[in-house]
Amino acid sequence: MASYILKRLLAAIPVILGITVIVFLIMSLIPGDPATAILGSYATPENVEKLNRDLGLDKPLFQQYFIWLGNMVQGDFGRSFSLNRPVLDEVLERFGATLILAGTSLVLCSILGILAGVISAARQYGAADKAITFVVLIGISIPSFFLGMMMILVFAVNLRWLPVSGMYAIYGGGDLPDLVRHLIMPATALAVVATGVIARLSRSAMLEVLRQDFIRTARAKGVRESRVVWRHALKAAMVSIIPVIGVQAGFVLSGAVYIETVFQWPGVGRMLVTAILTRDILLVQGGVVIVAACYVLFNLAVDVAQSLLDPRVKT
Amino acid sequence: MTDTLRIRDLDKRFGGGRGLLGFGKEKPSVHAVQSASLDVARGQTLGIVGESGCGKSTLARMIVGLLPPSAGTIEIEGVNYAERAGRDPAAFGKVIQYVFQDPLSSLNPRKTIRQILEAPLKRLHRMPAEQRAARIAEILDAVNLRPEFLDRYPHEFSGGQAQRIGIARALAAAPRILVLDEPVSALDVSVQAQVLNLLSQLREEFDLTYLFISHDLAVVEAVADRVAVMYFGAIVELAPAREIFARPRHHYTALLARSAPVVGRPLAAPEAADAELPDPLNPPPGCAFARRCPAATEICHRTKPPLEDHGTGHHAACHHPAR
Amino acid sequence: MSVAASLRLFARNRLAAAGGVLLVVVVVIALLAPVLPLADPYAQDTANKFLRPFSDGHLLGTDHLGRDILSRLIWGTRLSLVVGLVASFGAAFFGSTIGIVAGYFGGRVDNWLMRGIDMLMAFPYILLALAIVAALGPGLVNALIAVSVVNIPFFARNIRGVTVTLAHKEFVDAARLAGMTDLRIMTSEILPNVLPVIVIAMSTTVGWMILETAGLSFLGLGSQPPVADLGSMLGEGRNALITDPHASIIPGLMIFVIVMSVNLMGDGIRDALDPRLRSGALTRPMARTTVDRDSVPEPPADPALLDLQDLRTEFRVGKRTLKALSGVTLQVRAGECLGLIGESGSGKSVTALSVMGLVASPPGVIAGGAVRYAGQEVLGAPFSELRKLRGDRISYIFQDPLATLHPLFTVGDQIVEAIQSHHAVPRAEARARALALLEAVRIPNADRRMDDFPHELSGGMRQRVGIAMALVNEPDLIIADEPTTALDVTVQAQILALLDDLRRERDVAILFITHDFGVVAQLCDRIAVMYAGRIVETGPTAEILAAPAHPYTRRLIACVPELGGGRRELHAIPGLPPAVDDLPDGCAFAPRCDKATEACRRGEIALEGFGPSRALRCLHPEIAPEEARA
C-alpha cells in the first residue's frame, strides 16, 4: 500500500506540472504588455521595465515558463499589486476559509446523497423513490447562488435566525459556535447541487449493481435482504460512487466561488473574482495553481480510497 | 499440389515495449503465438483446436491481417502478405476473409443487411451499383436467406441467421480462404448443424479453403481434413483428422479427447485438480504441458520439444509421444 | 431501434413531456422577442426605478435603472439559451472528436490525448474557466468559450469509453477486412453508434452549461452592461436583494425554470435513447419473484423432495407477455440427479430460478402452478420462510463463477456468510467449516485460498468455490444451472467428476440444467427434455438415450456431433424454435417435425405416462410404449 501511495504521488508530479503549463499558456493569451497588465494601468514606466526584467518577459516563452516555475518552486508566487502583499500569503489565508466551507459541504452532500440514492434504488418506484427523485430534480436545477440569496431573504432577513453573511461576527464573534452559525447557510446552499448529483448517481449505481448475478447469488444463499442492499450492493456500488465524490469535490470547490460571493465568505473564490475584475493577474495565476495542485492531491486520496475498497485495482 | 496458405514461423508477442515517452524499463511481454508453421492445400479444411487462451484466435487474426505478426511469413497463393498485416487489411480482404464467433456483435447494429453486404463490394472491388445488386442476390441465395431480409437490421435475426449473414459478407469479398473462428459455438446444436452443412456446401461451390477454429473436438473432426492442436501459444500436434483423435501422439491431445463428455463413457476426472496453465508472463523453459503430463520426465521440464514428423504426416511436439 | 419507438417512449414519460412543453413555450417566447410588443430593454428611467411587479406598464416591475424587467427577462432568456446551446455544441463537437479518435486508435494516440484531457480534469472546472476569462477578459463570448472548454473533458471521456468498446467489436474488424479506411470506419461505423450517447450527454449537460454561463455573468465576468443575460440580471439585482427582492427573484426563477425543464427533457431523452433502459433492464429485481396466480394446484398424492406442478412463469414487458414456461411439471426425488436439457430459450434456466423465486422481477411473474419442497408449497410462503430454505435446504450453483461471486469479498467470507445467514455459529467455527468444504472440493492450499478474492482464482477454482458454497449447509437439493458451460473441456471434466463424487458421498439431490447431452448422459439418473417452455419427454437417462420417444429428442440427439465419427454431414433440425410470445396451438415442435399431422396443431397435448418409468408429450411417438425400456 505504501508503495502504491508513493507511486501515485510520483504520478501526480507531471499532472501538477501540466497544470502549470496550462495556466501559463492561458495567461500568455493576455493581449498587450503583460507587465502593464500585472501592475495595473497606473504603473510607472520604471516599474514596468523592472518587472519585465524580473519576470524575464523579454525572453522567449519557454524560458519565461521555467523562470516562473523556478520562482514558484521556491515559494515565490510574486506580489499582488492590488493588495500589496505576497500572493502566497494571501492565497493560503483565503484557502483556509474555503476549505472549511467546501469541506463541510462535501461531507454533507456525500452522506445525504448516498443515503438518498440507496433508499431510492431499494424502493424503486415506491413513494420514497418518487419523493427523492423530485427533490433531487429541483436540487440539481436551482442555481446555487440564487438559492443562497433566497436563504438570506428567508432565514436571515425575515426570520432573523442566522447571520446574513461573513464568516465571523464583527463584534464578539470568532469562536466555534459563531463559525457554525455563519456556516450553516452557505454550506447548505453549496451542498444542494452536489447532493442531487451524488444521489442520482448512487441510485443508478445501486440499480446497476442490484441486477448483477452476484446479488442473485447472495439471495440464493438466503442472505437477509437488508444485508443484500446495505452490504453486498452498496459496497459494490461504492466502486462507482467514490470517483463521483472525487469529481463532486471539484464541483463543490467551483460552487464555492458563487457562494463566497453571495455570503461574503472570505475565501479564495471571492478573492479570484475580485482579482480578475481588478486585473490582478499574478494573484489569479498563483491562486489557480495552488488550489488546482491541492485538488490533485485530494483526488489522489480518492484513488487510494478506491484501491482500499476494490482489490481488483492494481496496487 | 500447391498450398493456398503457407505460414512459416509466425510469432506474436504482446506487451513489451516501453512507457509513454519511449523510455523507461521494458514492460513484461506475453508470447501469445510461438513460431507457428502451417500449410493448407487448396480446397481443404484445416481445423485448429485448443482451449481458451491457447492463442488460436491471435493466430487467426494475424493470418487475416488484423494483427501484425512479430515475426514470420504469411503466404497466400504464393504471395507473402506478412509485411502488410495490421497495416493494409484491404489487401488481405480480397484473398482471405473472417467469419466471427459472435454473429450479432460482428454486424453493425445500425446498418441494414444490404449496407453490410455492399461494403466489401464497394470498397474492395469498386463494383458499380447494378452489378452489386446482382452479386448480393446471388450470395444471399447461396446462404439460403430470403431477399426481403436485405432491408432489415441485424437485431431482427436469430443467431443462426445472423451467422449466415456474416458468412455472406465474407463471401461477398470473393476470397480464396475463409477463416472461421468458432463459427457455431454461439449457436444451439440443432442450428449448429445447419450452419456447418451450409459451410461444407459453400466450400465446394466457391472452391474455398477453410481454416476452422473451435474448442469442440467433435465439430472439428466432422468438418476438417487436417487438425492442428494448440496449447499455450504453440502448435503441439498436427495430423490428419482421422489420425489425430484416434491415435493422438501428444498427451495434451489425448487429454482433450478424454475430457469431452461422451454418451456411454463413465465420469472420471482425467487429471488432478490443480492442473492449470503456466503463467504466461513467466513461462517454463521446457514443455508447457509437462506439469500436467502423465509421461513427463526430467527432459520435458528442461527443453522444449520440437514439432517433429512421426510418420504419415503426423507431427507432434513431444519427447515421449504416446503410442 | 427506430426513431418512432424512441418518440413514443419519450411521450410516455409524462414528466419529460411536461419539461419539453415548458421548454418549447420558453423558447418560442424567446424567439418571438423581436416581434413581441415589449418595452426597450435598455431604456432607462431612473425616476421609476424598482417599481414592483404588476405596476402600470411594467408587468414585472422595473430594475435599479428603471428598465422594464419583463422585456429584459425575455431578451436575457434568449441570450442565455443561445449561449448555453452554443457552449454545449462546442464542447460536444470537440470532446466527441477527441473521444472517438482516442478510443478508436488506442495505444499511444489514446495515451497522449487522454493525458491532455486528464490535465484539464485536474482543475476544479471553475478555476480553468476563471483563468480563461482572466486572460481573455470578462465578456459573454469569452465566458462561453470558457464554459465550453471546461466541458470538453466530460464529452471526451464519455465518448472515448463507448468508442473503446465499439472499436473492439467484431463488426469493426469486419469493416477493416471489407477495405474501409480508418476515417471511414470512424464516421460510418463508429459515429452512428455513439451518436445516441453524444445526444444523451448533451441533453444532460445543456442545463448545466446554461447554469454555468449564468453563473459567470452573475459574478460580473460574463455579459457586460447594458446587455444582460439572466445571470447578470440576477447579479445586478443582488445589490438590492433586501430592499427590492423582486429584481433578483424574477431572473433567478427564470433560470430555475429553464434549467429544470431542460433537465426533465434531458432525462426523457436519455431514457428514450438508452437501449438498456428501454428493455426495462434498469429496474432492479426484487428479493423474490412476483407471484400472480389464480389458483394453487392440489398437492400431489405422493410428494417427492421437489415437485413442480404446472409451473407457468412469464415475462411481462410493456404490453407483451413472453411465456417462458407454459406448464412445467417435474419431480426430483431425494438423492437423485435429474438432468433438465434444452436449447437456449427453452425455459430450462427459468425453471431452475423459479424454484426459489429468483427469476428477476420485474419483469418476471409466476403466473400459475406451484413449487413444493417436501410437500410444502414455497411460492406462496412468507418471504422469511422462503429465505430460510434458500441456501440451506435448496442451494444453487450458477453458470459463470466470475459474475456470480461478489468481487469485493474474499471467498472465505462469502462461504462463511452462507453459513451464518442460517445458523448462529461463531465466526471461527464457520471459518473452520468453510475451510473443510474448500478442501472437500479439492482446492489446493485451501487455507491460503480462503483469503483470496474471486478474481485471483482460475475459472475452475472459482466454480469449486461455488460448489463449496452450495454444499456448506448440507442441503437436500442443489440446483446447478449450466455450471460447466463457461469452462474449458478439461476443466469441465474435473468439475463434473467432482460433483458426481460429492453427491454420492453426501446423498444430495441435483437438478442439473444443461444443453449438452454428453454431460447429462454421464452425470444424471433421469432426464427431462424441454422445448418451448414445456417438458416434452422425461425418463431414465439410459432409456431415453437408447430409445428416444419424442421426435424432438431423437433429432436433437442426432444433431450432437460425437468424437470418432470422422468427417461427415451432420444432422440438423430445419427451422427455428417458436418465439415465446407467439406459441402455436398444439405441439410447439409440430412446425419442425416430419411426423406432424393436423391433430398435432390443435388443442392441448398432455404429458402422459409412457411405459413403466417414462412420460411423453407426443401423439406420434418414435417407439411403442412397450419398447420404452433400456
# chains A, B, ... in the order shown; residues from 1 in each chain; ligands from 1
>>> interface_residues(of="chain C", to="chain B", cutoff="8 Å", atoms="only C-alpha atoms", output="VMD selection string")
chain C and resid 108 111 to 112 169 to 180 189 192 to 193 343 to 344 442 to 444 488 to 490 492 to 498 500 517 to 519 521 to 523 556 559 to 574 576
>>> write_last_selection(atoms="C-alpha atoms", output="mmCIF file, in the first residue's frame")
data_model
loop_
_atom_site.group_PDB
_atom_site.id
_atom_site.type_symbol
_atom_site.label_atom_id
_atom_site.label_comp_id
_atom_site.auth_asym_id
_atom_site.auth_seq_id
_atom_site.Cartn_x
_atom_site.Cartn_y
_atom_site.Cartn_z
ATOM 1 C CA ARG C 108 -0.108 5.945 -27.951
ATOM 2 C CA ASN C 111 -2.496 7.820 -24.157
ATOM 3 C CA TRP C 112 -1.418 11.298 -25.199
ATOM 4 C CA LYS C 169 -16.425 -5.221 -31.613
ATOM 5 C CA GLU C 170 -16.084 -7.681 -34.403
ATOM 6 C CA PHE C 171 -18.008 -5.557 -36.883
ATOM 7 C CA VAL C 172 -15.145 -3.068 -36.876
ATOM 8 C CA ASP C 173 -12.726 -5.844 -37.806
ATOM 9 C CA ALA C 174 -15.148 -6.903 -40.499
ATOM 10 C CA ALA C 175 -15.224 -3.337 -41.837
ATOM 11 C CA ARG C 176 -11.427 -3.298 -41.986
ATOM 12 C CA LEU C 177 -11.448 -6.516 -43.950
ATOM 13 C CA ALA C 178 -14.090 -5.026 -46.225
ATOM 14 C CA GLY C 179 -11.492 -2.447 -47.214
ATOM 15 C CA MET C 180 -12.708 0.584 -45.262
ATOM 16 C CA GLU C 189 -19.303 2.530 -38.413
ATOM 17 C CA PRO C 192 -23.774 6.195 -35.818
ATOM 18 C CA ASN C 193 -23.337 4.007 -32.757
ATOM 19 C CA GLU C 343 -31.766 -25.407 -26.185
ATOM 20 C CA SER C 344 -31.499 -21.689 -25.475
ATOM 21 C CA ARG C 442 -10.231 -30.251 -3.694
ATOM 22 C CA ILE C 443 -8.933 -26.723 -3.847
ATOM 23 C CA PRO C 444 -5.182 -26.912 -3.368
ATOM 24 C CA ASP C 488 -12.881 -25.376 -20.894
ATOM 25 C CA VAL C 489 -13.417 -29.086 -21.595
ATOM 26 C CA THR C 490 -10.557 -30.347 -19.460
ATOM 27 C CA GLN C 492 -15.366 -29.249 -17.160
ATOM 28 C CA ALA C 493 -14.397 -32.897 -16.881
ATOM 29 C CA GLN C 494 -12.843 -32.252 -13.469
ATOM 30 C CA ILE C 495 -15.836 -30.324 -12.160
ATOM 31 C CA LEU C 496 -18.327 -32.937 -13.349
ATOM 32 C CA ALA C 497 -16.369 -35.737 -11.725
ATOM 33 C CA LEU C 498 -16.216 -33.739 -8.503
ATOM 34 C CA ASP C 500 -20.638 -36.751 -9.084
ATOM 35 C CA PHE C 517 -26.344 -34.485 -23.926
ATOM 36 C CA GLY C 518 -22.849 -35.779 -23.224
ATOM 37 C CA VAL C 519 -22.870 -34.160 -19.779
ATOM 38 C CA ALA C 521 -25.506 -38.920 -20.047
ATOM 39 C CA GLN C 522 -22.517 -39.076 -17.738
ATOM 40 C CA LEU C 523 -23.981 -37.450 -14.641
ATOM 41 C CA LEU C 556 -31.693 -33.339 -31.064
ATOM 42 C CA CYS C 559 -27.539 -33.304 -34.055
ATOM 43 C CA VAL C 560 -24.859 -33.701 -31.405
ATOM 44 C CA PRO C 561 -21.588 -34.460 -33.132
ATOM 45 C CA GLU C 562 -19.685 -37.171 -31.337
ATOM 46 C CA LEU C 563 -15.998 -37.797 -31.404
ATOM 47 C CA GLY C 564 -14.975 -40.775 -33.507
ATOM 48 C CA GLY C 565 -17.475 -40.271 -36.314
ATOM 49 C CA GLY C 566 -14.977 -38.924 -38.808
ATOM 50 C CA ARG C 567 -15.702 -36.334 -41.437
ATOM 51 C CA ARG C 568 -19.384 -36.280 -42.292
ATOM 52 C CA GLU C 569 -22.598 -34.469 -42.978
ATOM 53 C CA LEU C 570 -24.263 -33.581 -39.671
ATOM 54 C CA HIS C 571 -27.916 -33.911 -38.867
ATOM 55 C CA ALA C 572 -29.826 -30.678 -38.482
ATOM 56 C CA ILE C 573 -33.361 -29.785 -37.474
ATOM 57 C CA PRO C 574 -34.778 -27.377 -40.051
ATOM 58 C CA LEU C 576 -36.186 -22.388 -35.564
#
>>> closest_atom_pairs(of="chain A", to="chain C", cutoff="6 Å", atoms="only C-alpha atoms", output="JSON lines")
{"residue": "A:Met27", "atom": "CA", "partner": "C:Ala135", "partner_atom": "CA", "distance": 5.3}
{"residue": "A:Leu29", "atom": "CA", "partner": "C:Ala135", "partner_atom": "CA", "distance": 5.9}
{"residue": "A:Ile30", "atom": "CA", "partner": "C:Ala135", "partner_atom": "CA", "distance": 4.7}
{"residue": "A:Ser141", "atom": "CA", "partner": "C:Met260", "partner_atom": "CA", "distance": 4.9}
{"residue": "A:Ile142", "atom": "CA", "partner": "C:Phe256", "partner_atom": "CA", "distance": 5.0}
{"residue": "A:Phe146", "atom": "CA", "partner": "C:Gly252", "partner_atom": "CA", "distance": 5.7}
{"residue": "A:Leu207", "atom": "CA", "partner": "C:Arg284", "partner_atom": "CA", "distance": 5.4}
{"residue": "A:Leu210", "atom": "CA", "partner": "C:Arg284", "partner_atom": "CA", "distance": 5.7}
{"residue": "A:Arg211", "atom": "CA", "partner": "C:Arg284", "partner_atom": "CA", "distance": 5.5}
{"residue": "A:Asp213", "atom": "CA", "partner": "C:Thr404", "partner_atom": "CA", "distance": 4.8}
{"residue": "A:Phe214", "atom": "CA", "partner": "C:Thr404", "partner_atom": "CA", "distance": 4.1}
{"residue": "A:Thr217", "atom": "CA", "partner": "C:Thr404", "partner_atom": "CA", "distance": 5.9}
{"residue": "A:Ala220", "atom": "CA", "partner": "C:Arg390", "partner_atom": "CA", "distance": 5.4}
{"residue": "A:Lys221", "atom": "CA", "partner": "C:Gly391", "partner_atom": "CA", "distance": 4.0}
{"residue": "A:Gly222", "atom": "CA", "partner": "C:Arg390", "partner_atom": "CA", "distance": 4.7}
{"residue": "A:Val223", "atom": "CA", "partner": "C:Ser421", "partner_atom": "CA", "distance": 5.4}
{"residue": "A:Gly250", "atom": "CA", "partner": "C:Pro124", "partner_atom": "CA", "distance": 4.3}
{"residue": "A:Ser254", "atom": "CA", "partner": "C:Ile126", "partner_atom": "CA", "distance": 5.0}
{"residue": "A:Ile276", "atom": "CA", "partner": "C:Ala134", "partner_atom": "CA", "distance": 5.4}
{"residue": "A:Val288", "atom": "CA", "partner": "C:Leu127", "partner_atom": "CA", "distance": 5.9}
{"residue": "A:Ala292", "atom": "CA", "partner": "C:Phe123", "partner_atom": "CA", "distance": 5.2}
{"residue": "A:Val296", "atom": "CA", "partner": "C:Ala122", "partner_atom": "CA", "distance": 5.9}
>>> atom_distance(atom1="atom CA of B:His319", atom2="atom CA of B:Pro278")
18.7 Å
>>> residues_around(residues="stretch 209-212 of chain B", least_positions_apart="4", cutoff="8 Å", atoms="only C-alpha atoms", output="ChimeraX atom specification")
/B:4,40-48,176-182,203,220,224
>>> residues_around(residues="A:Ser120", least_positions_apart="3", cutoff="9 Å", atoms="only C-alpha atoms", output="list of chain:residue names")
A:Leu115, A:Ala116, A:Gly117, A:Arg123, A:Gln124, A:Tyr125, A:Gly126, A:Ala128, A:Asp129, A:Lys130, A:Ala131, A:Ile132, A:Thr133, A:Ala199, A:Arg200, A:Ser202, A:Arg203
>>> write_last_selection(atoms="C-alpha atoms", output="mmCIF file, in the first residue's frame")
data_model
loop_
_atom_site.group_PDB
_atom_site.id
_atom_site.type_symbol
_atom_site.label_atom_id
_atom_site.label_comp_id
_atom_site.auth_asym_id
_atom_site.auth_seq_id
_atom_site.Cartn_x
_atom_site.Cartn_y
_atom_site.Cartn_z
ATOM 1 C CA LEU A 115 -28.310 7.683 1.705
ATOM 2 C CA ALA A 116 -30.906 9.138 -0.629
ATOM 3 C CA GLY A 117 -29.582 7.151 -3.581
ATOM 4 C CA ARG A 123 -37.559 1.221 -3.093
ATOM 5 C CA GLN A 124 -37.577 1.827 -6.836
ATOM 6 C CA TYR A 125 -40.884 3.335 -7.995
ATOM 7 C CA GLY A 126 -42.097 3.496 -4.378
ATOM 8 C CA ALA A 128 -39.791 7.345 -1.134
ATOM 9 C CA ASP A 129 -38.159 6.949 -4.528
ATOM 10 C CA LYS A 130 -40.568 9.367 -6.168
ATOM 11 C CA ALA A 131 -40.169 11.958 -3.427
ATOM 12 C CA ILE A 132 -36.401 11.737 -3.505
ATOM 13 C CA THR A 133 -36.297 11.891 -7.307
ATOM 14 C CA ALA A 199 -27.986 10.869 -5.080
ATOM 15 C CA ARG A 200 -28.764 10.329 -8.765
ATOM 16 C CA SER A 202 -25.820 6.409 -6.269
ATOM 17 C CA ARG A 203 -29.309 5.439 -7.317
#
>>> atom_distance(atom1="atom CA of C:Ala558", atom2="atom CA of B:Ile244")
23.5 Å
>>> atom_distance(atom1="atom CA of B:Gly159", atom2="atom CA of C:Ile557")
20.5 Å
>>> decode(residues="stretch 481-541 of chain C", atoms="C-alpha atoms", output="PDB file, in the first residue's frame")
ATOM      1  CA  ASP C 481     -27.693 -24.001 -13.712  1.00  0.00           C
ATOM      2  CA  GLU C 482     -25.216 -24.827 -16.502  1.00  0.00           C
ATOM      3  CA  PRO C 483     -22.327 -24.889 -14.034  1.00  0.00           C
ATOM      4  CA  THR C 484     -19.708 -26.014 -16.559  1.00  0.00           C
ATOM      5  CA  THR C 485     -20.770 -24.173 -19.704  1.00  0.00           C
ATOM      6  CA  ALA C 486     -18.296 -21.318 -19.214  1.00  0.00           C
ATOM      7  CA  LEU C 487     -15.379 -23.692 -18.606  1.00  0.00           C
ATOM      8  CA  ASP C 488     -12.881 -25.376 -20.894  1.00  0.00           C
ATOM      9  CA  VAL C 489     -13.417 -29.086 -21.595  1.00  0.00           C
ATOM     10  CA  THR C 490     -10.557 -30.347 -19.460  1.00  0.00           C
ATOM     11  CA  VAL C 491     -11.766 -28.252 -16.508  1.00  0.00           C
ATOM     12  CA  GLN C 492     -15.366 -29.249 -17.160  1.00  0.00           C
ATOM     13  CA  ALA C 493     -14.397 -32.897 -16.881  1.00  0.00           C
ATOM     14  CA  GLN C 494     -12.843 -32.252 -13.469  1.00  0.00           C
ATOM     15  CA  ILE C 495     -15.836 -30.324 -12.160  1.00  0.00           C
ATOM     16  CA  LEU C 496     -18.327 -32.937 -13.349  1.00  0.00           C
ATOM     17  CA  ALA C 497     -16.369 -35.737 -11.725  1.00  0.00           C
ATOM     18  CA  LEU C 498     -16.216 -33.739  -8.503  1.00  0.00           C
ATOM     19  CA  LEU C 499     -19.965 -33.087  -8.493  1.00  0.00           C
ATOM     20  CA  ASP C 500     -20.638 -36.751  -9.084  1.00  0.00           C
ATOM     21  CA  ASP C 501     -18.430 -37.826  -6.181  1.00  0.00           C
ATOM     22  CA  LEU C 502     -19.866 -35.252  -3.804  1.00  0.00           C
ATOM     23  CA  ARG C 503     -23.483 -36.051  -4.487  1.00  0.00           C
ATOM     24  CA  ARG C 504     -22.905 -39.728  -3.810  1.00  0.00           C
ATOM     25  CA  GLU C 505     -20.838 -39.041  -0.672  1.00  0.00           C
ATOM     26  CA  ARG C 506     -23.356 -36.599   0.754  1.00  0.00           C
ATOM     27  CA  ASP C 507     -26.529 -38.048  -0.679  1.00  0.00           C
ATOM     28  CA  VAL C 508     -27.732 -34.761  -2.088  1.00  0.00           C
ATOM     29  CA  ALA C 509     -30.181 -34.472  -4.967  1.00  0.00           C
ATOM     30  CA  ILE C 510     -29.206 -32.421  -8.005  1.00  0.00           C
ATOM     31  CA  LEU C 511     -31.332 -30.670 -10.591  1.00  0.00           C
ATOM     32  CA  PHE C 512     -28.779 -30.240 -13.356  1.00  0.00           C
ATOM     33  CA  ILE C 513     -29.592 -27.754 -16.134  1.00  0.00           C
ATOM     34  CA  THR C 514     -27.609 -28.122 -19.348  1.00  0.00           C
ATOM     35  CA  HIS C 515     -27.773 -28.098 -23.129  1.00  0.00           C
ATOM     36  CA  ASP C 516     -25.213 -30.879 -23.506  1.00  0.00           C
ATOM     37  CA  PHE C 517     -26.344 -34.485 -23.926  1.00  0.00           C
ATOM     38  CA  GLY C 518     -22.849 -35.779 -23.224  1.00  0.00           C
ATOM     39  CA  VAL C 519     -22.870 -34.160 -19.779  1.00  0.00           C
ATOM     40  CA  VAL C 520     -26.335 -35.414 -18.934  1.00  0.00           C
ATOM     41  CA  ALA C 521     -25.506 -38.920 -20.047  1.00  0.00           C
ATOM     42  CA  GLN C 522     -22.517 -39.076 -17.738  1.00  0.00           C
ATOM     43  CA  LEU C 523     -23.981 -37.450 -14.641  1.00  0.00           C
ATOM     44  CA  CYS C 524     -27.743 -37.866 -14.415  1.00  0.00           C
ATOM     45  CA  ASP C 525     -30.053 -40.678 -13.373  1.00  0.00           C
ATOM     46  CA  ARG C 526     -33.039 -39.245 -15.180  1.00  0.00           C
ATOM     47  CA  ILE C 527     -33.578 -36.700 -17.963  1.00  0.00           C
ATOM     48  CA  ALA C 528     -36.301 -34.182 -18.674  1.00  0.00           C
ATOM     49  CA  VAL C 529     -36.230 -32.656 -22.160  1.00  0.00           C
ATOM     50  CA  MET C 530     -37.648 -29.144 -22.558  1.00  0.00           C
ATOM     51  CA  TYR C 531     -38.918 -27.447 -25.676  1.00  0.00           C
ATOM     52  CA  ALA C 532     -40.603 -24.020 -25.846  1.00  0.00           C
ATOM     53  CA  GLY C 533     -41.366 -23.825 -22.139  1.00  0.00           C
ATOM     54  CA  ARG C 534     -42.642 -27.366 -21.627  1.00  0.00           C
ATOM     55  CA  ILE C 535     -41.272 -30.752 -20.716  1.00  0.00           C
ATOM     56  CA  VAL C 536     -41.728 -32.934 -23.782  1.00  0.00           C
ATOM     57  CA  GLU C 537     -40.198 -36.130 -22.538  1.00  0.00           C
ATOM     58  CA  THR C 538     -38.856 -37.497 -19.284  1.00  0.00           C
ATOM     59  CA  GLY C 539     -37.480 -40.791 -18.066  1.00  0.00           C
ATOM     60  CA  PRO C 540     -34.341 -42.688 -17.040  1.00  0.00           C
ATOM     61  CA  THR C 541     -31.240 -41.433 -18.855  1.00  0.00           C
TER      62      THR C 541
END
